[in-house]
file target_15.csv (CSV, C-alpha atoms)
chain,number,residue,atom,x,y,z
A,1,LYS,CA,57.0,-41.8,-94.1
A,2,GLN,CA,57.8,-43.4,-90.7
A,3,GLU,CA,60.3,-46.3,-90.9
A,4,VAL,CA,61.0,-48.6,-88.1
A,5,THR,CA,64.1,-50.7,-87.7
A,6,GLN,CA,64.8,-53.5,-85.3
A,7,ILE,CA,68.3,-54.8,-84.5
A,8,PRO,CA,69.4,-57.6,-84.3
A,9,ALA,CA,67.2,-59.6,-86.6
A,10,ALA,CA,67.9,-62.7,-84.5
A,11,LEU,CA,69.3,-63.4,-81.1
A,12,SER,CA,70.1,-66.5,-79.2
A,13,VAL,CA,70.8,-66.5,-75.5
A,14,PRO,CA,71.2,-69.1,-72.7
A,15,GLU,CA,68.4,-69.4,-70.2
A,16,GLY,CA,68.6,-66.9,-67.3
A,17,GLU,CA,70.4,-64.2,-69.2
A,18,ASN,CA,69.1,-60.6,-69.3
A,19,LEU,CA,68.8,-59.2,-72.8
A,20,VAL,CA,67.9,-56.0,-74.7
A,21,LEU,CA,66.1,-55.7,-78.0
A,22,ASN,CA,66.4,-52.5,-79.9
A,23,CYS,CA,64.0,-50.5,-82.0
A,24,SER,CA,64.6,-47.2,-83.9
A,25,PHE,CA,62.2,-45.0,-85.8
A,26,THR,CA,62.9,-42.2,-88.3
A,27,ASP,CA,60.2,-39.6,-87.3
A,28,SER,CA,60.2,-38.5,-83.7
A,29,ALA,CA,56.6,-37.2,-84.0
A,30,ILE,CA,55.0,-40.3,-82.5
A,31,TYR,CA,51.8,-40.7,-80.5
A,32,ASN,CA,52.8,-44.0,-78.9
A,33,LEU,CA,54.9,-47.1,-79.3
A,34,GLN,CA,53.8,-50.7,-78.7
A,35,TRP,CA,55.9,-53.9,-78.3
A,36,PHE,CA,54.4,-57.1,-79.4
A,37,ARG,CA,55.3,-60.8,-79.2
A,38,GLN,CA,54.5,-63.2,-82.1
A,39,ASP,CA,54.8,-66.9,-81.9
A,40,PRO,CA,55.4,-68.8,-85.2
A,41,GLY,CA,52.3,-68.8,-87.3
A,42,LYS,CA,50.3,-66.9,-84.7
A,43,GLY,CA,48.9,-63.5,-84.2
A,44,LEU,CA,50.4,-60.6,-82.1
A,45,THR,CA,50.2,-60.4,-78.4
A,46,SER,CA,50.6,-56.8,-77.0
A,47,LEU,CA,53.3,-56.6,-74.3
A,48,LEU,CA,53.7,-53.0,-73.5
A,49,LEU,CA,52.5,-49.6,-74.7
A,50,ILE,CA,54.4,-46.4,-74.1
A,51,GLN,CA,52.8,-43.1,-74.6
A,52,SER,CA,54.9,-40.4,-76.3
A,53,SER,CA,55.1,-38.5,-73.0
A,54,GLN,CA,56.4,-41.5,-71.1
A,55,ARG,CA,60.0,-42.7,-70.7
A,56,GLU,CA,59.3,-46.3,-69.7
A,57,GLN,CA,56.8,-49.0,-68.9
A,58,THR,CA,57.2,-52.2,-66.9
A,59,SER,CA,55.3,-55.5,-66.9
A,60,GLY,CA,56.7,-58.3,-64.9
A,61,ARG,CA,60.1,-59.2,-66.3
A,62,LEU,CA,59.7,-56.8,-69.2
A,63,ASN,CA,60.7,-53.1,-69.3
A,64,ALA,CA,60.4,-50.9,-72.3
A,65,SER,CA,62.0,-47.5,-72.6
A,66,LEU,CA,61.4,-44.7,-75.0
A,67,ASP,CA,63.7,-41.9,-76.1
A,68,LYS,CA,61.6,-40.0,-78.5
A,69,SER,CA,64.2,-37.3,-79.4
A,70,SER,CA,66.7,-39.9,-80.6
A,71,GLY,CA,64.1,-42.1,-82.1
A,72,ARG,CA,64.8,-45.2,-80.0
A,73,SER,CA,63.1,-47.7,-77.8
A,74,THR,CA,64.4,-50.7,-76.0
A,75,LEU,CA,62.7,-53.8,-74.6
A,76,TYR,CA,64.6,-55.3,-71.7
A,77,ILE,CA,63.8,-58.9,-70.7
A,78,ALA,CA,65.1,-60.0,-67.3
A,79,ALA,CA,66.0,-63.6,-66.5
A,80,SER,CA,65.1,-65.0,-69.8
A,81,GLN,CA,63.2,-68.3,-70.1
A,82,PRO,CA,62.7,-70.8,-73.0
A,83,GLY,CA,59.1,-69.7,-73.1
A,84,ASP,CA,60.2,-66.2,-74.1
A,85,SER,CA,61.3,-67.6,-77.4
A,86,ALA,CA,59.3,-65.8,-80.1
A,87,THR,CA,59.6,-62.9,-82.5
A,88,TYR,CA,59.3,-59.4,-80.9
A,89,LEU,CA,57.9,-56.6,-82.9
A,90,CYS,CA,58.1,-52.9,-82.3
A,91,ALA,CA,55.3,-50.7,-83.7
A,92,VAL,CA,55.0,-46.9,-83.8
A,93,ARG,CA,51.9,-44.9,-84.2
A,94,ALA,CA,52.8,-41.5,-85.7
A,95,THR,CA,51.2,-38.3,-84.4
A,96,GLY,CA,48.0,-37.7,-86.4
A,97,ALA,CA,47.9,-41.2,-87.8
A,98,ASN,CA,45.7,-44.1,-86.8
A,99,ASN,CA,47.6,-47.1,-88.0
A,100,LEU,CA,50.8,-48.7,-86.7
A,101,PHE,CA,54.1,-48.8,-88.5
A,102,PHE,CA,56.0,-52.1,-87.7
A,103,GLY,CA,59.6,-53.1,-87.7
A,104,THR,CA,60.6,-56.5,-89.1
A,105,GLY,CA,61.1,-58.0,-85.7
A,106,THR,CA,63.8,-59.7,-83.6
A,107,ARG,CA,63.6,-63.5,-83.5
A,108,LEU,CA,64.6,-64.5,-80.0
A,109,THR,CA,65.7,-68.0,-79.0
A,110,VAL,CA,66.3,-68.8,-75.3
A,111,ILE,CA,68.4,-72.0,-75.0
A,112,PRO,CA,67.6,-74.2,-72.0
B,1,ASP,CA,37.1,-65.8,-74.9
B,2,THR,CA,36.8,-62.0,-75.2
B,3,GLY,CA,39.7,-61.4,-77.6
B,4,VAL,CA,39.7,-60.6,-81.3
B,5,SER,CA,38.7,-63.6,-83.4
B,6,GLN,CA,39.2,-64.4,-87.0
B,7,ASP,CA,37.8,-67.0,-89.4
B,8,PRO,CA,39.0,-69.0,-91.1
B,9,ARG,CA,42.5,-69.5,-89.6
B,10,HIS,CA,43.8,-71.0,-92.8
B,11,LYS,CA,42.7,-70.7,-96.4
B,12,ILE,CA,44.1,-72.4,-99.5
B,13,THR,CA,42.8,-71.2,-102.8
B,14,LYS,CA,43.6,-71.3,-106.5
B,15,ARG,CA,44.7,-68.3,-108.4
B,16,GLY,CA,41.7,-66.4,-109.7
B,17,GLN,CA,39.3,-67.4,-107.0
B,18,ASN,CA,37.6,-65.0,-104.6
B,19,VAL,CA,38.1,-65.4,-100.8
B,20,THR,CA,36.5,-63.7,-97.8
B,21,PHE,CA,37.7,-63.4,-94.3
B,22,ARG,CA,35.9,-62.5,-91.2
B,23,CYS,CA,37.0,-60.6,-88.1
B,24,ASP,CA,35.1,-60.2,-84.8
B,25,PRO,CA,36.6,-57.4,-82.7
B,26,ILE,CA,36.6,-57.2,-78.9
B,27,SER,CA,33.1,-56.3,-77.8
B,28,GLU,CA,32.4,-52.5,-77.8
B,29,HIS,CA,35.7,-51.7,-79.6
B,30,ASN,CA,34.8,-48.9,-82.0
B,31,ARG,CA,37.8,-49.2,-84.2
B,32,LEU,CA,38.8,-52.2,-86.4
B,33,TYR,CA,42.0,-52.5,-88.4
B,34,TRP,CA,43.2,-54.8,-91.1
B,35,TYR,CA,46.9,-55.5,-91.7
B,36,ARG,CA,48.8,-57.9,-94.0
B,37,GLN,CA,52.0,-59.7,-93.0
B,38,THR,CA,54.2,-61.5,-95.4
B,39,LEU,CA,56.9,-64.0,-94.4
B,40,GLY,CA,59.7,-62.4,-92.5
B,41,GLN,CA,58.2,-58.9,-92.5
B,42,GLY,CA,56.3,-56.9,-90.0
B,43,PRO,CA,52.5,-56.3,-90.5
B,44,GLU,CA,51.5,-53.5,-93.0
B,45,PHE,CA,48.4,-51.5,-92.6
B,46,LEU,CA,45.5,-52.0,-95.1
B,47,THR,CA,42.5,-50.2,-93.8
B,48,TYR,CA,40.5,-49.2,-90.7
B,49,PHE,CA,36.9,-48.6,-89.6
B,50,GLN,CA,35.4,-46.5,-86.9
B,51,ASN,CA,32.1,-48.1,-86.3
B,52,GLU,CA,30.7,-48.8,-89.8
B,53,ALA,CA,32.6,-46.1,-91.5
B,54,GLN,CA,35.8,-47.0,-93.5
B,55,LEU,CA,38.0,-44.0,-92.7
B,56,GLU,CA,41.3,-44.9,-94.3
B,57,LYS,CA,42.7,-47.2,-96.9
B,58,SER,CA,46.4,-47.7,-97.7
B,59,ARG,CA,47.8,-47.8,-101.2
B,60,LEU,CA,48.3,-51.6,-100.6
B,61,LEU,CA,44.5,-52.0,-100.8
B,62,SER,CA,44.1,-52.5,-104.5
B,63,ASP,CA,40.8,-52.5,-106.2
B,64,ARG,CA,40.6,-56.3,-105.9
B,65,PHE,CA,40.3,-55.8,-102.1
B,66,SER,CA,37.2,-54.7,-100.4
B,67,ALA,CA,36.4,-54.5,-96.7
B,68,GLU,CA,33.1,-53.9,-94.9
B,69,ARG,CA,31.8,-53.5,-91.4
B,70,PRO,CA,28.1,-53.2,-92.1
B,71,LYS,CA,26.7,-52.9,-88.5
B,72,GLY,CA,29.8,-51.6,-86.8
B,73,SER,CA,30.5,-55.0,-85.2
B,74,PHE,CA,32.3,-57.7,-87.3
B,75,SER,CA,34.1,-57.0,-90.5
B,76,THR,CA,34.8,-58.9,-93.7
B,77,LEU,CA,37.8,-58.6,-96.1
B,78,GLU,CA,37.2,-59.9,-99.6
B,79,ILE,CA,39.9,-60.5,-102.2
B,80,GLN,CA,38.7,-61.0,-105.7
B,81,ARG,CA,40.7,-62.8,-108.5
B,82,THR,CA,43.4,-63.8,-106.0
B,83,GLU,CA,47.0,-63.7,-107.2
B,84,GLN,CA,50.0,-65.6,-105.8
B,85,GLY,CA,51.3,-62.3,-104.4
B,86,ASP,CA,48.3,-62.2,-102.1
B,87,SER,CA,49.6,-65.1,-100.1
B,88,ALA,CA,50.1,-63.7,-96.6
B,89,MET,CA,48.8,-63.6,-93.1
B,90,TYR,CA,45.8,-61.2,-92.8
B,91,LEU,CA,45.6,-59.8,-89.3
B,92,CYS,CA,42.7,-57.9,-87.7
B,93,ALA,CA,43.0,-55.6,-84.7
B,94,SER,CA,40.6,-53.5,-82.6
B,95,SER,CA,40.9,-50.7,-80.2
B,96,ALA,CA,38.5,-49.0,-77.7
B,97,ARG,CA,37.5,-45.4,-77.6
B,98,LEU,CA,38.9,-43.9,-74.3
B,99,ALA,CA,37.5,-41.1,-72.2
B,100,GLY,CA,38.4,-38.0,-74.1
B,101,GLY,CA,37.8,-39.5,-77.4
B,102,THR,CA,41.2,-41.0,-78.1
B,103,TYR,CA,42.1,-44.5,-79.2
B,104,ASN,CA,45.1,-46.2,-77.8
B,105,GLU,CA,46.3,-49.8,-77.6
B,106,GLN,CA,45.5,-52.1,-80.6
B,107,PHE,CA,44.7,-55.8,-79.8
B,108,PHE,CA,45.3,-58.3,-82.5
B,109,GLY,CA,43.6,-61.5,-83.5
B,110,PRO,CA,45.2,-64.8,-84.5
B,111,GLY,CA,45.2,-64.0,-88.2
B,112,THR,CA,44.1,-65.8,-91.3
B,113,ARG,CA,46.8,-67.4,-93.3
B,114,LEU,CA,46.1,-67.3,-97.1
B,115,THR,CA,47.9,-69.5,-99.5
B,116,VAL,CA,47.2,-68.9,-103.2
B,117,LEU,CA,48.3,-71.8,-105.5

call {"tool": "encode", "arguments": {"input": "target_15.csv", "output": "structure tokens"}}
result
Amino acid sequence: KQEVTQIPAALSVPEGENLVLNCSFTDSAIYNLQWFRQDPGKGLTSLLLIQSSQREQTSGRLNASLDKSSGRSTLYIAASQPGDSATYLCAVRATGANNLFFGTGTRLTVIP
Amino acid sequence: DTGVSQDPRHKITKRGQNVTFRCDPISEHNRLYWYRQTLGQGPEFLTYFQNEAQLEKSRLLSDRFSAERPKGSFSTLEIQRTEQGDSAMYLCASSARLAGGTYNEQFFGPGTRLTVL
């Protein structure tokens, strides 16, 4: 069974700092990987999707990378802002599966 | 708004009561998924539909849970004889069929938060 781990569980940074969130998964046979943002008590907002054949995806200040062979993905956030404060979730879709396996998330706080 | 919508957003019920949640996917999205998220955890898959057919159910979906998507559009999730352990956020997601027949990005709704007293 696919297991997804996110480290750290929580992170606080001052505004303007660049930061990296980590995601690891146990089975490298993945179809794609999605990064989501979740605000307290809210649903999930899709940030980036990386196909298994891709190495990275970029959207604005966000860059996600994928190293399938080592079972790792990172989400890089440039020039962090207080509005980036949220929980970031990594989710993996295994090859042959239709559902997503989620990590427990990293709770990010950007301090003004 | 063309996103996934869910109703109600919050539901408080007493143990033993039945509850029903509704999800409206993004228009023309063939696949619809239900997930459950407990506090401090990531969402866990419950079931998914392709059009009106329920194609997969996880072991989390006990016999007290039933989901339907009768016309291939909106879906309902019913929990019978609710227990305190059912308290969670119930999330719905949908995805579109791409050229070539594959399904890719899942888009989530705002969720229904259930509290069982």

call {"tool": "residues_around", "arguments": {"input": "target_15.csv", "residues": "B:Leu61", "least_positions_apart": "5", "cutoff": "10 Å", "atoms": "only C-alpha atoms", "output": "NGL selection string"}}
result
:B and (36 or 45-47 or 66-67 or 79)

call {"tool": "residues_around", "arguments": {"input": "target_15.csv", "residues": "stretch 99-110 of chain B", "least_positions_apart": "2", "cutoff": "8 Å", "atoms": "all atoms listed in the file", "output": "list in words"}}
result
Gln34, Lys42, Gly43, Leu44, Thr45, Ser46 and Leu49 of chain A; Gly3, Val4, Ser5, Gln6, Arg9, Leu91, Cys92, Ala93, Ser94, Ser95, Ala96, Arg97 and Thr112 of chain B

call {"tool": "residues_near_point", "arguments": {"input": "target_15.csv", "point": "(37.4, -60.1, -102.9)", "cutoff": "12 Å", "atoms": "all atoms listed in the file", "output": "PyMOL selection string"}}
result
chain B and resi 16-21+61-68+76-83+86

call {"tool": "atom_distance", "arguments": {"input": "target_15.csv", "atom1": "atom CA of A:Gln2", "atom2": "atom CA of B:Tyr35"}}
result
16.3 Å

call {"tool": "closest_residue", "arguments": {"input": "target_15.csv", "among": "B:Leu98, B:Leu39, B:Leu117, B:Cys23", "to": "chain A", "atoms": "only C-alpha atoms"}}
result
B:Leu39

call {"tool": "atom_distance", "arguments": {"input": "target_15.csv", "atom1": "atom CA of A:Tyr88", "atom2": "atom CA of B:Leu55"}}
result
28.8 Å

call {"tool": "atom_distance", "arguments": {"input": "target_15.csv", "atom1": "atom CA of B:Gly42", "atom2": "atom CA of B:Tyr90"}}
result
11.7 Å

call {"tool": "closest_residue", "arguments": {"input": "target_15.csv", "among": "A:Cys90, A:Leu48, A:Ala79, A:Val13", "to": "A:Arg61", "atoms": "all atoms listed in the file"}}
result
A:Ala79

call {"tool": "closest_residue", "arguments": {"input": "target_15.csv", "among": "A:Phe101, A:Gln51, A:Asp84, A:Leu19", "to": "A:Asn63", "atoms": "only C-alpha atoms"}}
result
A:Leu19

call {"tool": "residues_around", "arguments": {"input": "target_15.csv", "residues": "stretch 71-78 of chain A", "least_positions_apart": "3", "cutoff": "6 Å", "atoms": "all atoms listed in the file", "output": "PyMOL selection string"}}
result
chain A and resi 18-25+28+61-68

call {"tool": "closest_residue", "arguments": {"input": "target_15.csv", "among": "B:Arg31, B:Arg22, B:Arg69, B:Lys11", "to": "chain A", "atoms": "all atoms listed in the file"}}
result
B:Arg31

call {"tool": "axis_aligned_box", "arguments": {"input": "target_15.csv", "around": "stretch 58-62 of chain B", "padding_each_side": "4 Å", "output": "lines of an AutoDock Vina configuration file"}}
result
center_x = 46.2
center_y = -50.1
center_z = -101.1
size_x = 12.2
size_y = 12.8
size_z = 14.8

call {"tool": "residues_around", "arguments": {"input": "target_15.csv", "residues": "A:Leu108", "least_positions_apart": "6", "cutoff": "6 Å", "atoms": "only C-alpha atoms", "output": "PDB file with C-alpha atoms, keeping the file's coordinate frame"}}
result
ATOM      1  CA  ALA A  10      67.900 -62.700 -84.500  1.00  0.00           C
ATOM      2  CA  LEU A  11      69.300 -63.400 -81.100  1.00  0.00           C
ATOM      3  CA  SER A  12      70.100 -66.500 -79.200  1.00  0.00           C
ATOM      4  CA  SER A  85      61.300 -67.600 -77.400  1.00  0.00           C
ATOM      5  CA  ALA A  86      59.300 -65.800 -80.100  1.00  0.00           C
ATOM      6  CA  THR A  87      59.600 -62.900 -82.500  1.00  0.00           C
TER       7      THR A  87
END

call {"tool": "closest_residue", "arguments": {"input": "target_15.csv", "among": "A:Pro40, A:Thr26, A:Leu33, A:Val4", "to": "A:Arg93", "atoms": "only C-alpha atoms"}}
result
A:Leu33
